[in-house]
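Undergrad: Structure below; questions to follow.
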Amino acid sequence: MLSASKAIIPLNQRGEVWFDDGNIIVLSEDTASNATVAFKVHRGMLARHSEVFQSMFELPVPNTPDVEVVDGCQVVRMYDRPTELSALIRTLYDGASFQHHSIQDFYYVAGILRLATKYFIAHLRRQVIKHLLETWPHTLQGHDRFIERAVKAPLVHDLTYPYAHPLHVLNLARETHVDILVPSTLYFLSLYPLPDLLRADHPKLQLEHPSRPSNQLSARDMQDYTLMFQHRIDIILNFIRQSCGARAPSPTCSGQSGVCEKAFLRLSSRLSRSWGIRTGPLTYMVQAIEELADDQTVCRTCRRAFKKDILDLREKIWAELPGIVGLPSWEELEKLDLT
């Protein structure tokens, strides 16, 4: 451990952010690794971004006998992970720049979100949430982009897109009180069988990193996972049986009598044999639209009507997703987390 009574901070304990003209020293003490890292920064720079920092730095002035002083600067001890505090400070100085090219990018963002939440840095918290929503969507269009990227993106260090496991994203959202991330992460999490989640042996869950969220499914999320899992299966079965199998031809059907109706029954029969426990219904519906579009026995009017109805159904399903786990509408979640 570093003693703050020393006249100087050893070079090997100075963090990446160290300004010679700084006027306050922040000591980050990581109890997990028993490591202490010091950052020499500018009091006003940090205080202008956070009322919490401002209050911390307004504590007794350096001339007070019981105040730690190093290198002529007041010392403030903080019990955050050094890597996360370093990332936060660099972001406050240099501006936010987030990427999504690998799992390391997710861990970096997770650390900043934790501290932006802890220290009430509202503008930075909103930036991080918006970045995460680019991957873990709150719109149906975002869902479709997610699926397209997952299909096309190459492996990165043997990990598939989106690199982070939805359980990690869900636990980060719970930890930082970001409800707008919860519905889509639970939807994607429901594609994983529960025994797999309880074993936590997926390669994405076994990676080690100081900023990695928990691998455990909480009791609360066990319930929400079950609700979402059952809801997803119900959507698939209702779609196959009602939207396809029980579908009547369009009132303006231009095909021969019974031909279009039989085509819908054939489609329902094929879909009932091809879906699995990990089928995503929103993607499955698009595939069904494409399959019917290729069936030239169905008249153009019925194909168009089917496409419109199923696209409307997808919108309805997405709009209802937050309510399945007891959350308000997407619009309300936007107001809560993005304003």
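Here, A, B, ... name the chains of the structure tokens in the order displayed, residue numbers run from 1 inside each chain, and ligands are numbered from 1 in the same displayed order.
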Taking the DSSP secondary structure from the backbone, can you list the residues of region 34-125 of chain A that are helix (DSSP H, G or I), as a VMD selection string?

TA: chain A and resid 43 to 47 51 to 57 82 to 94 103 to 118 122 to 125

Undergrad: Report as a list of chain:residue names all protein, DNA and RNA residues lying within 8 Å of Tyr107 (chain A), evaluated on only C-alpha atoms, omitting residues in the same chain fewer than 6 positions from it.

TA: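 Neighbouring residues, sequence-local ones excluded: A:His209, A:Ser211, A:Arg212.
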
Undergrad: Kindly save the residues from that selection, with N, CA and C atoms included, as a PDB file, in the first residue's frame.

TA:
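Dumped everything to result-v6.pdb:
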ATOM      1  N   HIS A 209     -11.882 -10.355 -16.348  1.00  0.00           N
ATOM      2  CA  HIS A 209     -11.536  -8.939 -16.503  1.00  0.00           C
ATOM      3  C   HIS A 209     -12.037  -8.196 -15.268  1.00  0.00           C
ATOM      4  N   SER A 211     -13.454  -5.428 -14.931  1.00  0.00           N
ATOM      5  CA  SER A 211     -14.722  -4.717 -15.152  1.00  0.00           C
ATOM      6  C   SER A 211     -15.854  -5.631 -15.593  1.00  0.00           C
ATOM      7  N   ARG A 212     -15.609  -6.925 -15.624  1.00  0.00           N
ATOM      8  CA  ARG A 212     -16.648  -7.856 -16.066  1.00  0.00           C
ATOM      9  C   ARG A 212     -17.797  -7.902 -15.067  1.00  0.00           C
TER      10      ARG A 212
END

Undergrad: So, with only C-alpha atoms as the atoms that count, which of A:Ile25, A:Leu265, A:Ile236, A:Ala248 lies closest to Leu313 (chain A)?

TA: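 Answer, going by the shortest atom-to-atom distance: A:Ile236.
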
Undergrad: If we count only C-alpha atoms and set the cut-off at 9 Å, which residues sit around region 325-328 of chain A, ignoring sequence neighbours fewer than 2 positions away in its own chain? Please answer as a list in words.

TA: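 So the residues in contact are Asp179, Ile180, Val182, Pro183, Leu186, Gln223, Asp224, Tyr225, Leu227, Met228, Leu321, Pro322, Gly323, Trp330, Glu331, Glu332 and Leu333 of chain A.
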
Undergrad: Produce a file of the selected residues containing N, CA and C atoms, as a PDB file, in the first residue's frame.

TA:
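Final output, saved to out-v2.pdb:
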ATOM      1  N   ASP A 179     -32.720   0.835 -17.052  1.00  0.00           N
ATOM      2  CA  ASP A 179     -33.831  -0.059 -17.389  1.00  0.00           C
ATOM      3  C   ASP A 179     -34.045  -0.211 -18.888  1.00  0.00           C
ATOM      4  N   ILE A 180     -33.656   0.782 -19.672  1.00  0.00           N
ATOM      5  CA  ILE A 180     -33.935   0.724 -21.111  1.00  0.00           C
ATOM      6  C   ILE A 180     -33.159  -0.403 -21.801  1.00  0.00           C
ATOM      7  N   VAL A 182     -32.837  -3.391 -20.404  1.00  0.00           N
ATOM      8  CA  VAL A 182     -33.289  -4.668 -19.855  1.00  0.00           C
ATOM      9  C   VAL A 182     -34.152  -5.485 -20.824  1.00  0.00           C
ATOM     10  N   PRO A 183     -35.184  -4.907 -21.479  1.00  0.00           N
ATOM     11  CA  PRO A 183     -36.056  -5.757 -22.306  1.00  0.00           C
ATOM     12  C   PRO A 183     -35.326  -6.510 -23.414  1.00  0.00           C
ATOM     13  N   LEU A 186     -32.956  -9.227 -22.050  1.00  0.00           N
ATOM     14  CA  LEU A 186     -33.708 -10.396 -21.592  1.00  0.00           C
ATOM     15  C   LEU A 186     -34.262 -11.188 -22.778  1.00  0.00           C
ATOM     16  N   GLN A 223     -36.851 -14.905 -12.649  1.00  0.00           N
ATOM     17  CA  GLN A 223     -38.282 -14.761 -12.920  1.00  0.00           C
ATOM     18  C   GLN A 223     -38.522 -14.061 -14.249  1.00  0.00           C
ATOM     19  N   ASP A 224     -37.804 -12.960 -14.484  1.00  0.00           N
ATOM     20  CA  ASP A 224     -38.005 -12.219 -15.734  1.00  0.00           C
ATOM     21  C   ASP A 224     -37.556 -13.036 -16.938  1.00  0.00           C
ATOM     22  N   TYR A 225     -36.482 -13.795 -16.783  1.00  0.00           N
ATOM     23  CA  TYR A 225     -36.035 -14.691 -17.864  1.00  0.00           C
ATOM     24  C   TYR A 225     -37.148 -15.692 -18.197  1.00  0.00           C
ATOM     25  N   LEU A 227     -40.379 -15.442 -17.679  1.00  0.00           N
ATOM     26  CA  LEU A 227     -41.487 -14.751 -18.341  1.00  0.00           C
ATOM     27  C   LEU A 227     -41.174 -14.481 -19.808  1.00  0.00           C
ATOM     28  N   MET A 228     -39.957 -14.017 -20.083  1.00  0.00           N
ATOM     29  CA  MET A 228     -39.589 -13.705 -21.460  1.00  0.00           C
ATOM     30  C   MET A 228     -39.457 -14.975 -22.289  1.00  0.00           C
ATOM     31  N   LEU A 321     -42.759  -5.517 -25.526  1.00  0.00           N
ATOM     32  CA  LEU A 321     -41.673  -6.250 -24.869  1.00  0.00           C
ATOM     33  C   LEU A 321     -41.384  -5.759 -23.443  1.00  0.00           C
ATOM     34  N   PRO A 322     -41.256  -4.442 -23.198  1.00  0.00           N
ATOM     35  CA  PRO A 322     -40.959  -4.019 -21.816  1.00  0.00           C
ATOM     36  C   PRO A 322     -42.026  -4.452 -20.813  1.00  0.00           C
ATOM     37  N   GLY A 323     -43.286  -4.424 -21.234  1.00  0.00           N
ATOM     38  CA  GLY A 323     -44.365  -4.784 -20.317  1.00  0.00           C
ATOM     39  C   GLY A 323     -44.332  -6.233 -19.874  1.00  0.00           C
ATOM     40  N   TRP A 330     -41.409   1.798 -24.057  1.00  0.00           N
ATOM     41  CA  TRP A 330     -40.113   2.251 -24.563  1.00  0.00           C
ATOM     42  C   TRP A 330     -40.005   3.767 -24.462  1.00  0.00           C
ATOM     43  N   GLU A 331     -41.094   4.470 -24.756  1.00  0.00           N
ATOM     44  CA  GLU A 331     -41.068   5.924 -24.696  1.00  0.00           C
ATOM     45  C   GLU A 331     -40.787   6.412 -23.279  1.00  0.00           C
ATOM     46  N   GLU A 332     -41.401   5.785 -22.288  1.00  0.00           N
ATOM     47  CA  GLU A 332     -41.156   6.164 -20.890  1.00  0.00           C
ATOM     48  C   GLU A 332     -39.724   5.828 -20.480  1.00  0.00           C
ATOM     49  N   LEU A 333     -39.234   4.696 -20.940  1.00  0.00           N
ATOM     50  CA  LEU A 333     -37.858   4.314 -20.611  1.00  0.00           C
ATOM     51  C   LEU A 333     -36.868   5.303 -21.201  1.00  0.00           C
TER      52      LEU A 333
END

Undergrad: Given only C-alpha atoms as the basis, pick out the residue of A:Lys40, A:Arg241, A:Arg278, A:Arg90 nearest to Phe264 (chain A).

TA: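 With only C-alpha atoms as the atom set, the closest residue is A:Arg241.
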
Undergrad: Can you tell me, as a compact mmCIF listing (two decimals) with N, CA, C and O atoms, in the first residue's frame, what residues are no more than 8 Å from Ala150 (chain A) when counting only C-alpha atoms, ignoring any on the same chain fewer than 3 positions away?

TA:
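Written output follows (around-v5.txt):
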# COMPACT_ATOMS: atom_id res chain seq x y z
N PHE A 146 -28.99 -5.53 -35.34
CA PHE A 146 -28.26 -6.46 -34.47
C PHE A 146 -28.15 -7.83 -35.13
O PHE A 146 -27.06 -8.43 -35.19
N ILE A 147 -29.27 -8.34 -35.63
CA ILE A 147 -29.29 -9.66 -36.26
C ILE A 147 -28.41 -9.67 -37.51
O ILE A 147 -27.64 -10.62 -37.74
N ALA A 153 -20.79 -10.41 -39.12
CA ALA A 153 -19.54 -10.01 -38.47
C ALA A 153 -18.61 -11.21 -38.28
O ALA A 153 -19.06 -12.30 -37.91
N THR A 160 -18.13 -14.44 -31.09
CA THR A 160 -19.08 -13.96 -32.08
C THR A 160 -19.65 -12.61 -31.65
O THR A 160 -19.67 -12.26 -30.46
N TYR A 161 -20.11 -11.85 -32.63
CA TYR A 161 -20.82 -10.60 -32.35
C TYR A 161 -22.07 -10.94 -31.54
O TYR A 161 -22.72 -11.94 -31.83
N PRO A 162 -22.40 -10.16 -30.51
CA PRO A 162 -21.87 -8.86 -30.11
C PRO A 162 -20.75 -8.93 -29.07
O PRO A 162 -20.56 -7.95 -28.34

Undergrad: Rank A:Glu315, A:Asp80, A:Asp94, A:Asp105 by their smallest atom-to-atom distance to Val26 (chain A), using only C-alpha atoms, and report the top residue only.

TA: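 Nearest candidate to Val26 (chain A) out of A:Glu315, A:Asp80, A:Asp94, A:Asp105: A:Asp80.
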
Undergrad: Env of region 21-23 of chain A: 12 Å cut, atoms = only C-alpha atoms, seq-sep filter 2 positions within chain, self excluded. Answer as a PDB file with N, CA and C atoms, in the first residue's frame.

TA:
ATOM      1  N   VAL A  17      -3.023   8.940 -16.058  1.00  0.00           N
ATOM      2  CA  VAL A  17      -3.355  10.364 -16.003  1.00  0.00           C
ATOM      3  C   VAL A  17      -2.530  11.006 -14.887  1.00  0.00           C
ATOM      4  N   TRP A  18      -1.505  11.753 -15.282  1.00  0.00           N
ATOM      5  CA  TRP A  18      -0.627  12.410 -14.308  1.00  0.00           C
ATOM      6  C   TRP A  18      -0.151  13.729 -14.910  1.00  0.00           C
ATOM      7  N   PHE A  19      -0.697  14.813 -14.400  1.00  0.00           N
ATOM      8  CA  PHE A  19      -0.310  16.136 -14.871  1.00  0.00           C
ATOM      9  C   PHE A  19       0.608  16.786 -13.846  1.00  0.00           C
ATOM     10  N   ILE A  25      -4.320  15.006  -5.843  1.00  0.00           N
ATOM     11  CA  ILE A  25      -3.918  13.629  -6.148  1.00  0.00           C
ATOM     12  C   ILE A  25      -5.019  12.687  -5.691  1.00  0.00           C
ATOM     13  N   VAL A  26      -5.467  11.892  -6.620  1.00  0.00           N
ATOM     14  CA  VAL A  26      -6.494  10.894  -6.341  1.00  0.00           C
ATOM     15  C   VAL A  26      -5.817   9.537  -6.222  1.00  0.00           C
ATOM     16  N   ALA A  38      -2.023   6.211  -8.283  1.00  0.00           N
ATOM     17  CA  ALA A  38      -2.253   7.627  -8.034  1.00  0.00           C
ATOM     18  C   ALA A  38      -2.443   8.375  -9.348  1.00  0.00           C
ATOM     19  N   PHE A  39      -3.345   9.343  -9.324  1.00  0.00           N
ATOM     20  CA  PHE A  39      -3.598  10.201 -10.472  1.00  0.00           C
ATOM     21  C   PHE A  39      -3.491  11.660 -10.018  1.00  0.00           C
ATOM     22  N   LYS A  40      -2.633  12.419 -10.679  1.00  0.00           N
ATOM     23  CA  LYS A  40      -2.499  13.840 -10.351  1.00  0.00           C
ATOM     24  C   LYS A  40      -3.299  14.626 -11.383  1.00  0.00           C
ATOM     25  N   VAL A  41      -4.349  15.264 -10.919  1.00  0.00           N
ATOM     26  CA  VAL A  41      -5.299  15.896 -11.823  1.00  0.00           C
ATOM     27  C   VAL A  41      -5.607  17.316 -11.341  1.00  0.00           C
ATOM     28  N   HIS A  42      -6.526  17.964 -12.053  1.00  0.00           N
ATOM     29  CA  HIS A  42      -6.920  19.326 -11.723  1.00  0.00           C
ATOM     30  C   HIS A  42      -8.269  19.306 -11.022  1.00  0.00           C
ATOM     31  N   ARG A  43      -8.284  19.840  -9.824  1.00  0.00           N
ATOM     32  CA  ARG A  43      -9.487  19.849  -8.999  1.00  0.00           C
ATOM     33  C   ARG A  43     -10.699  20.403  -9.766  1.00  0.00           C
ATOM     34  N   GLY A  44     -10.527  21.544 -10.396  1.00  0.00           N
ATOM     35  CA  GLY A  44     -11.647  22.181 -11.086  1.00  0.00           C
ATOM     36  C   GLY A  44     -12.157  21.369 -12.255  1.00  0.00           C
ATOM     37  N   MET A  45     -11.274  20.669 -12.946  1.00  0.00           N
ATOM     38  CA  MET A  45     -11.668  19.887 -14.117  1.00  0.00           C
ATOM     39  C   MET A  45     -12.635  18.771 -13.723  1.00  0.00           C
ATOM     40  N   LEU A  46     -12.321  18.065 -12.656  1.00  0.00           N
ATOM     41  CA  LEU A  46     -13.194  16.977 -12.221  1.00  0.00           C
ATOM     42  C   LEU A  46     -14.456  17.512 -11.561  1.00  0.00           C
ATOM     43  N   PHE A  57     -13.870  17.327  -3.002  1.00  0.00           N
ATOM     44  CA  PHE A  57     -12.687  18.195  -3.070  1.00  0.00           C
ATOM     45  C   PHE A  57     -12.848  19.445  -2.204  1.00  0.00           C
ATOM     46  N   VAL A  61      -9.082  21.885   3.739  1.00  0.00           N
ATOM     47  CA  VAL A  61      -7.990  22.355   2.897  1.00  0.00           C
ATOM     48  C   VAL A  61      -6.677  21.725   3.327  1.00  0.00           C
ATOM     49  N   PRO A  62      -5.675  21.708   2.466  1.00  0.00           N
ATOM     50  CA  PRO A  62      -4.426  21.005   2.755  1.00  0.00           C
ATOM     51  C   PRO A  62      -3.715  21.450   4.024  1.00  0.00           C
ATOM     52  N   VAL A  69      -1.216  14.963   2.455  1.00  0.00           N
ATOM     53  CA  VAL A  69      -0.614  15.800   1.425  1.00  0.00           C
ATOM     54  C   VAL A  69       0.572  15.077   0.826  1.00  0.00           C
ATOM     55  N   VAL A  70       0.642  15.048  -0.487  1.00  0.00           N
ATOM     56  CA  VAL A  70       1.766  14.464  -1.215  1.00  0.00           C
ATOM     57  C   VAL A  70       2.140  15.420  -2.337  1.00  0.00           C
ATOM     58  N   ASP A  71       3.405  15.656  -2.493  1.00  0.00           N
ATOM     59  CA  ASP A  71       3.874  16.511  -3.586  1.00  0.00           C
ATOM     60  C   ASP A  71       3.177  17.874  -3.561  1.00  0.00           C
ATOM     61  N   GLY A  72       2.865  18.334  -2.345  1.00  0.00           N
ATOM     62  CA  GLY A  72       2.217  19.625  -2.185  1.00  0.00           C
ATOM     63  C   GLY A  72       0.749  19.652  -2.544  1.00  0.00           C
ATOM     64  N   CYS A  73       0.149  18.489  -2.778  1.00  0.00           N
ATOM     65  CA  CYS A  73      -1.259  18.422  -3.184  1.00  0.00           C
ATOM     66  C   CYS A  73      -2.070  17.634  -2.168  1.00  0.00           C
ATOM     67  N   GLN A  74      -3.315  18.056  -1.987  1.00  0.00           N
ATOM     68  CA  GLN A  74      -4.231  17.284  -1.159  1.00  0.00           C
ATOM     69  C   GLN A  74      -4.456  15.915  -1.793  1.00  0.00           C
ATOM     70  N   VAL A  75      -4.584  14.904  -0.948  1.00  0.00           N
ATOM     71  CA  VAL A  75      -4.814  13.534  -1.411  1.00  0.00           C
ATOM     72  C   VAL A  75      -6.257  13.136  -1.102  1.00  0.00           C
ATOM     73  N   VAL A  76      -6.923  12.607  -2.094  1.00  0.00           N
ATOM     74  CA  VAL A  76      -8.279  12.077  -1.917  1.00  0.00           C
ATOM     75  C   VAL A  76      -8.241  10.593  -2.252  1.00  0.00           C
TER      76      VAL A  76
END

Undergrad: Which is closest to Glu175 (chain A) among A:Ala110, A:Thr135, A:Leu198, A:Ile233, if we use only C-alpha atoms?

TA: A:Ala110

Undergrad: Need the shell around Gly95 (chain A): protein/DNA/RNA residues with any atom at most 12 Å away, counting only C-alpha atoms. Skip same-chain ones fewer than 5 positions apart. Format as a PyMOL selection string?

TA: chain A and resi 49+87-90+123-124+127-128

Undergrad: To one decimal place, how far is CA of Tyr79 (chain A) from CA of Arg114 (chain A) in Å?

TA: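 Straight-line distance from CA of Tyr79 (chain A) to CA of Arg114 (chain A) works out to 12.8 Å.
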
Undergrad: Select, from A:Met78, A:Tyr119, A:Ser214, A:Tyr163, the residue with the minimum atom-to-atom distance to Val52 (chain A), counting only C-alpha atoms.

TA: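 Residue with the minimum atom-to-atom distance to Val52 (chain A): A:Tyr119.
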
Undergrad: Which of these residues is nearest to Pro251 (chain A), using only C-alpha atoms: A:Thr301, A:Ser274, A:Thr91, A:Gln54?

TA: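 Closest to Pro251 (chain A) of all the choices is A:Thr301.
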